[in-house]
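The next block holds one structure in the form of structure tokens; read it before the comments.
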There are 2 protein chains.
Amino acid sequence: MKNETITAPKGFQTGTAACGIKQGTTRDLGLLVAQTTCAASAVFTRNRFCGSPIVVGREHIRNGKLRAIVVNSGCANVATGKRGIADARKMCQFVADGLCIDAKNVLPSSTGIIGQYLPMNKVQHGIETALETLSSSATAGRRFAQAILTTDTKIKQAVERVRIGRSHVTVAGCCKGSGMIAPNMATMLAYVTTDADIQPRTLKQLLTAAVEPTFNRVTVDECQSTSDTVALLANGATATVSSQRELKTFAAALRAVCESLAYQIADDGEGATRVLEVTVSGAKTPADAHRAARAVATSPLVKTAIHGSDPNWGRIVQAIGATSVAFQPDRVTVRLNKTVIFAKGAPARNLDTKRLAKIVGQRHVPININLGAGKASDRVLTCDLSREYVTINADYHT
Amino acid sequence: MKNETITAPKGFQTGTAACGIKQGTTRDLGLLVAQTTCAASAVFTRNRFCGSPIVVGREHIRNGKLRAIVVNSGCANVATGKRGIADARKMCQFVADGLCIDAKNVLPSSTGIIGQYLPMNKVQHGIETALETLSSSATAGRRFAQAILTTDTKIKQAVERVRIGRSHVTVAGCCKGSGMIAPNMATMLAYVTTDADIQPRTLKQLLTAAVEPTFNRVTVDECQSTSDTVALLANGATATVSSQRELKTFAAALRAVCESLAYQIADDGEGATRVLEVTVSGAKTPADAHRAARAVATSPLVKTAIHGSDPNWGRIVQAIGATSVAFQPDRVTVRLNKTVIFAKGAPARNLDTKRLAKIVGQRHVPININLGAGKASDRVLTCDLSREYVTINADYHT
């Protein structure tokens, strides 16, 4: 069986530990190590109360090089002042000491409850254990994908293999994210590895281009996290990607990995029973298309209606109407999948509500809106809003 | 017992009917009639898919005069094209015919499901019945307050009595609103009557000033309705309000009525078990204060935490951090009621989580944020997010 985990590309190993930040024997610490220093790029949350690991991570990624990533779940190390930043630095130092590398080549991540300090003794022991378990096996890769989870119910992985020249290049990723998920970015940690050889500057452009239509178009609860991180490591173990054609091939693989991971986040959104894919076309500007799609995707009324298998399209119209994007109400068309439900300012004639209920009762619900105001389009993924979301978030105690 | 309903001011009558838009014998049509033509003002939703009654209402209020208001619940008459607008006009005409007045002096309102046509035969019969039951009794007033409800669990009324010169002036109101509630305005119908004598132009200024800090600062689910209407009718049956001092007295009474009604909306928000009062001070600008307060008040993570009696203040910090308002993270102070929980970029020392849990376990939860960036302040009311909200909105079928 092929390795379909983050260790699928050549030259990457992962190690994990159950260090006791979370209760019981749940894995809560993961380590990703490349056999050589990688060209690296990362995108972080724009939340201004960003986590301490983000502050340290921004410093460490500046030279476009990384050798390892260390992640813990159960505690986000956010809003923890100077002590929190010192703790994030220590996490990197423990890893650096174990691998005999520079701490600046380690990227730290933490996810979990905000406002609590990391139990550094446990973290240190966890890192030691993780270092001992380093392996490039699929089992090790899966365990890493598991160690970074919080309220997620599933591990989230994706792998793409493409041909560059005479070599096979692999792009692999895993991520976590289920709640506090909103564009720019999701509450989400995502790590992507590849054995391609790419310059850091190019890597940065490719990552930004891949994140924008994928991770930045997922929302679960429109709550922008303090810890979001997407990091991409390229160790150059197989082929050099340099020509325009090769770059295009690689970019498509990278985007496919990000797209798959983003979809898995929506699909595993807290309490989710369906994925809503809101597509807006006919917008005057790309920004308008994005805002309209996001307005529908973040409406609790739309999300609860879909949860109840209710084709209550009036709430879609209401959500668009509340925005300030350019449109004339009587030129807007709303479709559930391909079925027109609203056009020319009024409900479509002869609406077959049973058929519509069947569409919104599927696991994947496509909502298509044409604003009739231009040519721009965009798409946002989200999930329905269920009682389970409330249960998860009312009971996730500090 | 005093009349504490919308018919408390002199010279107002209400009539109601169960005309069958809603199932069973629930009252779903209400009529408010003044004995003389009133100075009147109204504020409407800014949603661009506004209801047909809003289109007609805007026309009818233009001259600052009204004699009657007709409201139905169960069907919002929104997104119903030209037929919907014709139906809203007919509602006014039926009332005008019954009272021998001009249809332009009637304000129509409809609330309920979007995208369905009004059953005009039922509406016509309902208006006939409502005309027959016109009365200025408290019972009639209460029935009117009941007839306008949708998912509300309680009727919402408020009365203030003030002395103007030698007379007693009464300001009374009732409203509906429980879901699809967001600033500008709530999904809400609110009607305020007074027996004071005030010029239409003055009335408009007073209403705008009263709505802004009250109805425009309530959010249940941040979904801006298509039907919002706040209307104020002054029939001049008692005293003329003209001096600056009298205007001030009257304005305070009007604001108190609006404040009480707005609070009742938050308190009866769909599935609500608590009211959150989010106050932001120390903001650079009033707009910043409003945006920060709204960001916290609309965060599903904050709302679910409070629902679970969880003082998870990290989510408050996260919500503020996601905005672009001016602040330095280490100058922000967050208090639950008066207890500091976050200051100088870190959790307050010696936090007594049991005591905090007690604060967030109350029916009224005050969240106070000082941004440390200036002198502006604002306040937004909301409610917690419960499983019941999802149940109500997943099962409110089209």
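Within each chain, counting starts at residue 1; across the structure tokens, chains are named A, B, ... in the order shown, with ligands numbered 1 upward in that order.
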Handout entry: Distance-based interface of chain A with chain B, 8 Å, counting only C-alpha atoms, as an NGL selection string
Key = :A and (46-50 or 79-81 or 113-116 or 180 or 221-226 or 299-301 or 304-315 or 317-323 or 329 or 344-347 or 385-388 or 390-391 or 393-398)
Per residue of stretch 175-284 of chain A within 9 Å of stretch 11-22 of chain A, which atom pair is closest and at what distance in Å (one decimal), using only C-alpha atoms, listed by chain and increasing number, as a Markdown table?
| residue | atom | partner | partner_atom | distance |
| --- | --- | --- | --- | --- |
| A:Thr193 | CA | A:Phe12 | CA | 7.9 |
| A:Thr194 | CA | A:Phe12 | CA | 8.8 |
| A:Asp195 | CA | A:Gly11 | CA | 7.1 |
| A:Asn235 | CA | A:Gly11 | CA | 7.3 |
| A:Gly236 | CA | A:Gly11 | CA | 8.9 |
| A:Ala237 | CA | A:Gly11 | CA | 6.6 |
Handout entry: Residue nearest B:Asp197 among B:Ala357, B:Thr36, B:Thr279, B:Arg335 (counting only C-alpha atoms)
Key =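 Once distances to B:Asp197 are computed over only C-alpha atoms, the minimum belongs to B:Thr36.
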Spatial neighbours of A:Ala145, 7 Å, only C-alpha atoms, chain gap at least 6 places, as a JSON list (two decimals) with C-alpha atoms, in the first residue's frame:
[["chain", "number", "residue", "atom", "x", "y", "z"],
["A", 155, "ILE", "CA", -7.48, 12.92, 10.39],
["A", 156, "LYS", "CA", -7.14, 14.98, 7.22],
["A", 174, "CYS", "CA", -2.16, 17.02, 6.55],
["A", 175, "CYS", "CA", -4.15, 19.49, 8.57]]
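Proximity ranking of A:Ala210, A:Ala42, A:Val380, A:Leu134 relative to A:Ser109 places A:Ala42 first, based on only C-alpha atoms.
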Handout entry: Neighbour list for A:Ile69 as a list in words, cut-off 6 Å, only C-alpha atoms, skip fewer than 3 positions in-chain
Key =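 Near A:Ile69, the qualifying residues are Leu31, Leu32, Val106, Leu107 and Pro108 of chain A.
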Practice task
Name all residues at most 6 Å from A:Ser178 (count only C-alpha atoms; drop same-chain ones fewer than 2 positions away) and give them as a list of chain:residue names.
Solution key: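 After dropping sequence-adjacent residues, the list is A:Asp152, A:Ile265, A:Asp268, A:Gly269, A:Glu270.
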Exercise for the section: Apply DSSP to the backbone of this structure and, from stretch 97-342 of chain A, keep only the residues in strand (DSSP E or B); write these as a ChimeraX atom specification. Expected result: /A:106-113,135,156-164,167-176,189-194,197,218-219,229-234,240,275-283,333-336,339-342
For the residues selected in the previous step, produce a file with C-alpha atoms as a PDB file, in the first residue's frame.
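Full text of result-v2.pdb as output:
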ATOM      1  CA  VAL A 106      12.259  24.974  13.617  1.00  0.00           C
ATOM      2  CA  LEU A 107       8.692  26.239  13.209  1.00  0.00           C
ATOM      3  CA  PRO A 108       6.487  25.932  16.326  1.00  0.00           C
ATOM      4  CA  SER A 109       2.684  25.516  16.368  1.00  0.00           C
ATOM      5  CA  SER A 110       0.224  25.159  19.210  1.00  0.00           C
ATOM      6  CA  THR A 111      -3.536  24.631  19.065  1.00  0.00           C
ATOM      7  CA  GLY A 112      -6.157  24.225  21.740  1.00  0.00           C
ATOM      8  CA  ILE A 113      -7.455  26.414  24.546  1.00  0.00           C
ATOM      9  CA  SER A 135      10.125   7.451  11.078  1.00  0.00           C
ATOM     10  CA  LYS A 156      -7.143  14.985   7.225  1.00  0.00           C
ATOM     11  CA  GLN A 157      -4.546  14.050   4.629  1.00  0.00           C
ATOM     12  CA  ALA A 158      -3.961  14.477   0.907  1.00  0.00           C
ATOM     13  CA  VAL A 159      -1.287  13.352  -1.511  1.00  0.00           C
ATOM     14  CA  GLU A 160      -0.606  14.228  -5.162  1.00  0.00           C
ATOM     15  CA  ARG A 161       2.072  12.724  -7.375  1.00  0.00           C
ATOM     16  CA  VAL A 162       3.202  14.436 -10.572  1.00  0.00           C
ATOM     17  CA  ARG A 163       5.907  13.904 -13.127  1.00  0.00           C
ATOM     18  CA  ILE A 164       8.581  16.571 -13.384  1.00  0.00           C
ATOM     19  CA  SER A 167      11.255  12.100 -11.837  1.00  0.00           C
ATOM     20  CA  HIS A 168       8.118  11.674  -9.793  1.00  0.00           C
ATOM     21  CA  VAL A 169       7.520  14.511  -7.401  1.00  0.00           C
ATOM     22  CA  THR A 170       5.193  14.046  -4.439  1.00  0.00           C
ATOM     23  CA  VAL A 171       3.214  16.736  -2.641  1.00  0.00           C
ATOM     24  CA  ALA A 172       1.605  15.649   0.617  1.00  0.00           C
ATOM     25  CA  GLY A 173      -0.223  17.428   3.388  1.00  0.00           C
ATOM     26  CA  CYS A 174      -2.159  17.016   6.547  1.00  0.00           C
ATOM     27  CA  CYS A 175      -4.147  19.486   8.570  1.00  0.00           C
ATOM     28  CA  LYS A 176      -6.388  20.021  11.537  1.00  0.00           C
ATOM     29  CA  LEU A 189      -2.827  24.070  11.090  1.00  0.00           C
ATOM     30  CA  ALA A 190      -1.792  22.670   7.737  1.00  0.00           C
ATOM     31  CA  TYR A 191       1.581  21.277   6.769  1.00  0.00           C
ATOM     32  CA  VAL A 192       2.571  20.414   3.240  1.00  0.00           C
ATOM     33  CA  THR A 193       5.733  18.561   2.289  1.00  0.00           C
ATOM     34  CA  THR A 194       7.286  17.949  -1.074  1.00  0.00           C
ATOM     35  CA  ASP A 197      13.477  21.358  -5.413  1.00  0.00           C
ATOM     36  CA  VAL A 218     -13.475  27.748   4.065  1.00  0.00           C
ATOM     37  CA  THR A 219     -15.612  28.928   6.937  1.00  0.00           C
ATOM     38  CA  THR A 229      -0.619  28.348  10.094  1.00  0.00           C
ATOM     39  CA  VAL A 230      -0.033  26.829   6.682  1.00  0.00           C
ATOM     40  CA  ALA A 231       3.566  25.787   6.119  1.00  0.00           C
ATOM     41  CA  LEU A 232       5.157  24.286   3.025  1.00  0.00           C
ATOM     42  CA  LEU A 233       8.534  22.508   3.078  1.00  0.00           C
ATOM     43  CA  ALA A 234      10.406  21.508  -0.059  1.00  0.00           C
ATOM     44  CA  THR A 240      14.158  20.550  -9.603  1.00  0.00           C
ATOM     45  CA  VAL A 275     -20.891  20.593   3.090  1.00  0.00           C
ATOM     46  CA  LEU A 276     -22.315  23.744   1.492  1.00  0.00           C
ATOM     47  CA  GLU A 277     -20.520  24.987  -1.610  1.00  0.00           C
ATOM     48  CA  VAL A 278     -21.629  28.562  -2.234  1.00  0.00           C
ATOM     49  CA  THR A 279     -20.686  29.834  -5.687  1.00  0.00           C
ATOM     50  CA  VAL A 280     -21.344  33.407  -6.738  1.00  0.00           C
ATOM     51  CA  SER A 281     -21.005  34.373 -10.385  1.00  0.00           C
ATOM     52  CA  GLY A 282     -22.015  37.458 -12.356  1.00  0.00           C
ATOM     53  CA  ALA A 283     -20.477  39.777  -9.760  1.00  0.00           C
ATOM     54  CA  THR A 333     -30.801  34.252  -9.943  1.00  0.00           C
ATOM     55  CA  VAL A 334     -30.481  31.629  -7.204  1.00  0.00           C
ATOM     56  CA  ARG A 335     -30.071  27.948  -7.997  1.00  0.00           C
ATOM     57  CA  LEU A 336     -29.923  24.888  -5.780  1.00  0.00           C
ATOM     58  CA  THR A 339     -32.500  24.129 -10.339  1.00  0.00           C
ATOM     59  CA  VAL A 340     -33.586  27.783 -10.499  1.00  0.00           C
ATOM     60  CA  ILE A 341     -35.464  28.698  -7.319  1.00  0.00           C
ATOM     61  CA  PHE A 342     -35.473  32.483  -7.488  1.00  0.00           C
TER      62      PHE A 342
END
So that I can see what lies close to A:Cys258, please list as a PDB file with N, CA and C atoms, in the first residue's frame the residues with an atom at most 7 Å from it, counting only C-alpha atoms and leaving out residues fewer than 2 positions away in the same chain.
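This is the output file result.pdb:
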ATOM      1  N   ALA A 210      -1.955  29.090  -3.761  1.00  0.00           N
ATOM      2  CA  ALA A 210      -2.720  27.868  -3.464  1.00  0.00           C
ATOM      3  C   ALA A 210      -3.648  28.059  -2.262  1.00  0.00           C
ATOM      4  N   VAL A 211      -3.223  28.872  -1.287  1.00  0.00           N
ATOM      5  CA  VAL A 211      -4.008  29.063  -0.060  1.00  0.00           C
ATOM      6  C   VAL A 211      -5.253  29.917  -0.322  1.00  0.00           C
ATOM      7  N   THR A 214      -8.393  28.165  -1.549  1.00  0.00           N
ATOM      8  CA  THR A 214      -8.712  26.909  -0.850  1.00  0.00           C
ATOM      9  C   THR A 214      -8.921  27.169   0.644  1.00  0.00           C
ATOM     10  N   PHE A 215      -7.826  27.250   1.413  1.00  0.00           N
ATOM     11  CA  PHE A 215      -7.970  27.463   2.856  1.00  0.00           C
ATOM     12  C   PHE A 215      -8.657  28.793   3.185  1.00  0.00           C
ATOM     13  N   LEU A 254      -0.019  21.166  -5.860  1.00  0.00           N
ATOM     14  CA  LEU A 254      -0.085  21.852  -4.569  1.00  0.00           C
ATOM     15  C   LEU A 254      -1.501  22.333  -4.291  1.00  0.00           C
ATOM     16  N   ARG A 255      -2.117  22.921  -5.307  1.00  0.00           N
ATOM     17  CA  ARG A 255      -3.479  23.408  -5.121  1.00  0.00           C
ATOM     18  C   ARG A 255      -4.443  22.265  -4.850  1.00  0.00           C
ATOM     19  N   ALA A 256      -4.233  21.144  -5.537  1.00  0.00           N
ATOM     20  CA  ALA A 256      -5.111  19.989  -5.326  1.00  0.00           C
ATOM     21  C   ALA A 256      -4.998  19.478  -3.888  1.00  0.00           C
ATOM     22  N   SER A 260      -8.135  19.657  -1.331  1.00  0.00           N
ATOM     23  CA  SER A 260      -8.635  18.464  -0.653  1.00  0.00           C
ATOM     24  C   SER A 260      -8.659  18.677   0.858  1.00  0.00           C
ATOM     25  N   LEU A 261      -7.599  19.251   1.400  1.00  0.00           N
ATOM     26  CA  LEU A 261      -7.536  19.480   2.847  1.00  0.00           C
ATOM     27  C   LEU A 261      -8.621  20.475   3.281  1.00  0.00           C
ATOM     28  N   ALA A 262      -8.798  21.554   2.489  1.00  0.00           N
ATOM     29  CA  ALA A 262      -9.812  22.557   2.826  1.00  0.00           C
ATOM     30  C   ALA A 262     -11.204  21.927   2.829  1.00  0.00           C
TER      31      ALA A 262
END
Problem - Straight-line distance linking atom CA of A:Arg349 with atom CA of B:Thr150, stated in Å to one decimal - result: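 Result for atom CA of A:Arg349 versus atom CA of B:Thr150: 26.4 Å, one decimal.
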Practice task
Write out as a list of chain:residue names the residues lying within 12 Å of A:Met1, counting only C-alpha atoms and excluding same-chain residues fewer than 4 positions away.
Solution key: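 Close residues of A:Met1: A:Thr5, A:Ala8, A:Ser137, A:Ala138, A:Thr139.
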Output of the above residues as a compact mmCIF listing (two decimals), in the first residue's frame, restricted to C-alpha atoms:
# COMPACT_ATOMS: atom_id res chain seq x y z
CA THR A 5 0.54 10.60 4.51
CA ALA A 8 5.01 10.24 1.41
CA SER A 137 6.53 5.16 7.61
CA ALA A 138 2.88 5.71 6.75
CA THR A 139 2.01 4.80 10.33
Problem - Two-atom distance - atom CA of A:Ser52, atom CA of A:Val123 (Å) - result: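 Atom CA of A:Ser52 sits 15.1 Å away from atom CA of A:Val123.
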Determine which residues of stretch 161-295 of chain B receive a DSSP assignment of helix (DSSP H, G or I), computed from the backbone, and state them as a compact mmCIF listing (two decimals) with N, CA and C atoms, in the first residue's frame.
# COMPACT_ATOMS: atom_id res chain seq x y z
N PRO B 200 -44.06 66.26 12.62
CA PRO B 200 -43.45 65.11 11.94
C PRO B 200 -41.93 65.20 11.82
N ARG B 201 -41.41 66.40 11.52
CA ARG B 201 -39.97 66.50 11.32
C ARG B 201 -39.20 66.22 12.62
N THR B 202 -39.74 66.78 13.71
CA THR B 202 -39.13 66.56 15.02
C THR B 202 -39.23 65.08 15.38
N LEU B 203 -40.38 64.51 15.07
CA LEU B 203 -40.63 63.11 15.39
C LEU B 203 -39.59 62.22 14.72
N LYS B 204 -39.26 62.55 13.49
CA LYS B 204 -38.29 61.76 12.74
C LYS B 204 -36.92 61.79 13.42
N GLN B 205 -36.51 62.99 13.84
CA GLN B 205 -35.22 63.11 14.53
C GLN B 205 -35.22 62.31 15.83
N LEU B 206 -36.32 62.42 16.57
CA LEU B 206 -36.41 61.72 17.85
C LEU B 206 -36.37 60.20 17.66
N LEU B 207 -37.07 59.73 16.63
CA LEU B 207 -37.12 58.28 16.40
C LEU B 207 -35.74 57.75 16.00
N THR B 208 -35.09 58.44 15.08
CA THR B 208 -33.75 58.02 14.65
C THR B 208 -32.80 57.97 15.84
N ALA B 209 -32.85 59.02 16.68
CA ALA B 209 -31.96 59.08 17.84
C ALA B 209 -32.27 57.97 18.84
N ALA B 210 -33.52 57.56 18.93
CA ALA B 210 -33.89 56.52 19.90
C ALA B 210 -33.57 55.12 19.36
N VAL B 211 -33.68 54.94 18.05
CA VAL B 211 -33.46 53.61 17.45
C VAL B 211 -31.98 53.23 17.45
N PHE B 215 -32.56 49.58 19.24
CA PHE B 215 -32.84 48.51 18.26
C PHE B 215 -31.64 48.22 17.37
N ASN B 216 -30.85 49.26 17.06
CA ASN B 216 -29.68 49.03 16.19
C ASN B 216 -28.48 48.48 16.95
N ARG B 217 -28.66 48.14 18.21
CA ARG B 217 -27.58 47.55 18.99
C ARG B 217 -27.99 46.20 19.55
N GLN B 244 -37.44 72.96 24.42
CA GLN B 244 -36.28 72.07 24.46
C GLN B 244 -36.37 71.11 25.65
N ARG B 245 -36.86 71.63 26.79
CA ARG B 245 -36.95 70.80 27.99
C ARG B 245 -38.00 69.70 27.80
N GLU B 246 -39.12 70.09 27.22
CA GLU B 246 -40.18 69.09 26.97
C GLU B 246 -39.70 68.02 25.99
N LEU B 247 -38.98 68.48 24.97
CA LEU B 247 -38.47 67.53 23.98
C LEU B 247 -37.50 66.54 24.62
N LYS B 248 -36.71 67.04 25.55
CA LYS B 248 -35.75 66.20 26.24
C LYS B 248 -36.46 65.14 27.08
N THR B 249 -37.51 65.61 27.78
CA THR B 249 -38.30 64.69 28.60
C THR B 249 -38.95 63.60 27.73
N PHE B 250 -39.52 64.06 26.63
CA PHE B 250 -40.19 63.11 25.73
C PHE B 250 -39.17 62.14 25.12
N ALA B 251 -38.03 62.67 24.68
CA ALA B 251 -37.00 61.83 24.06
C ALA B 251 -36.53 60.74 25.02
N ALA B 252 -36.40 61.09 26.31
CA ALA B 252 -35.96 60.11 27.30
C ALA B 252 -36.99 58.99 27.44
N ALA B 253 -38.27 59.38 27.43
CA ALA B 253 -39.33 58.37 27.55
C ALA B 253 -39.34 57.46 26.32
N LEU B 254 -39.17 58.07 25.14
CA LEU B 254 -39.16 57.29 23.89
C LEU B 254 -37.99 56.32 23.89
N ARG B 255 -36.84 56.82 24.32
CA ARG B 255 -35.66 55.96 24.33
C ARG B 255 -35.85 54.82 25.34
N ALA B 256 -36.45 55.13 26.49
CA ALA B 256 -36.68 54.08 27.49
C ALA B 256 -37.58 52.98 26.94
N VAL B 257 -38.60 53.39 26.20
CA VAL B 257 -39.50 52.38 25.60
C VAL B 257 -38.72 51.53 24.59
N CYS B 258 -37.93 52.17 23.73
CA CYS B 258 -37.15 51.44 22.72
C CYS B 258 -36.12 50.53 23.41
N GLU B 259 -35.48 51.04 24.46
CA GLU B 259 -34.46 50.27 25.17
C GLU B 259 -35.10 49.02 25.79
N SER B 260 -36.24 49.20 26.41
CA SER B 260 -36.92 48.05 27.03
C SER B 260 -37.29 47.02 25.96
N LEU B 261 -37.83 47.49 24.85
CA LEU B 261 -38.24 46.55 23.79
C LEU B 261 -37.02 45.83 23.20
N ALA B 262 -35.94 46.58 22.99
CA ALA B 262 -34.71 45.97 22.44
C ALA B 262 -34.18 44.90 23.38
N TYR B 263 -34.19 45.22 24.66
CA TYR B 263 -33.70 44.24 25.64
C TYR B 263 -34.57 42.99 25.63
N GLN B 264 -35.88 43.20 25.52
CA GLN B 264 -36.79 42.05 25.49
C GLN B 264 -36.54 41.16 24.27
N ILE B 265 -36.11 41.80 23.16
CA ILE B 265 -35.78 41.01 21.96
C ILE B 265 -34.57 40.12 22.22
N ALA B 266 -33.52 40.69 22.81
CA ALA B 266 -32.33 39.88 23.12
C ALA B 266 -32.70 38.78 24.11
N ASP B 267 -33.50 39.13 25.08
CA ASP B 267 -33.88 38.19 26.14
C ASP B 267 -34.74 37.05 25.58
N PRO B 286 -16.00 56.11 17.73
CA PRO B 286 -17.27 55.43 18.00
C PRO B 286 -17.48 54.23 17.07
N ALA B 287 -17.04 54.35 15.82
CA ALA B 287 -17.20 53.24 14.87
C ALA B 287 -16.38 52.03 15.32
N ASP B 288 -15.18 52.28 15.81
CA ASP B 288 -14.34 51.19 16.33
C ASP B 288 -15.02 50.52 17.52
N ALA B 289 -15.57 51.33 18.41
CA ALA B 289 -16.24 50.77 19.60
C ALA B 289 -17.38 49.86 19.17
N HIS B 290 -18.15 50.34 18.20
CA HIS B 290 -19.28 49.56 17.71
C HIS B 290 -18.81 48.25 17.06
N ARG B 291 -17.79 48.35 16.21
CA ARG B 291 -17.32 47.15 15.52
C ARG B 291 -16.76 46.11 16.48
N ALA B 292 -16.02 46.58 17.47
CA ALA B 292 -15.43 45.64 18.43
C ALA B 292 -16.54 44.96 19.26
N ALA B 293 -17.51 45.76 19.71
CA ALA B 293 -18.60 45.19 20.51
C ALA B 293 -19.40 44.19 19.68
N ARG B 294 -19.63 44.56 18.44
CA ARG B 294 -20.39 43.69 17.56
C ARG B 294 -19.63 42.40 17.25
N ALA B 295 -18.31 42.50 17.10
CA ALA B 295 -17.50 41.31 16.81
C ALA B 295 -17.63 40.29 17.94
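You can rank A:Leu118, A:Ala272, A:Ala96, A:Val241 by their closest distance to A:Thr151 using only C-alpha atoms, and at the top of that list sits A:Ala272.
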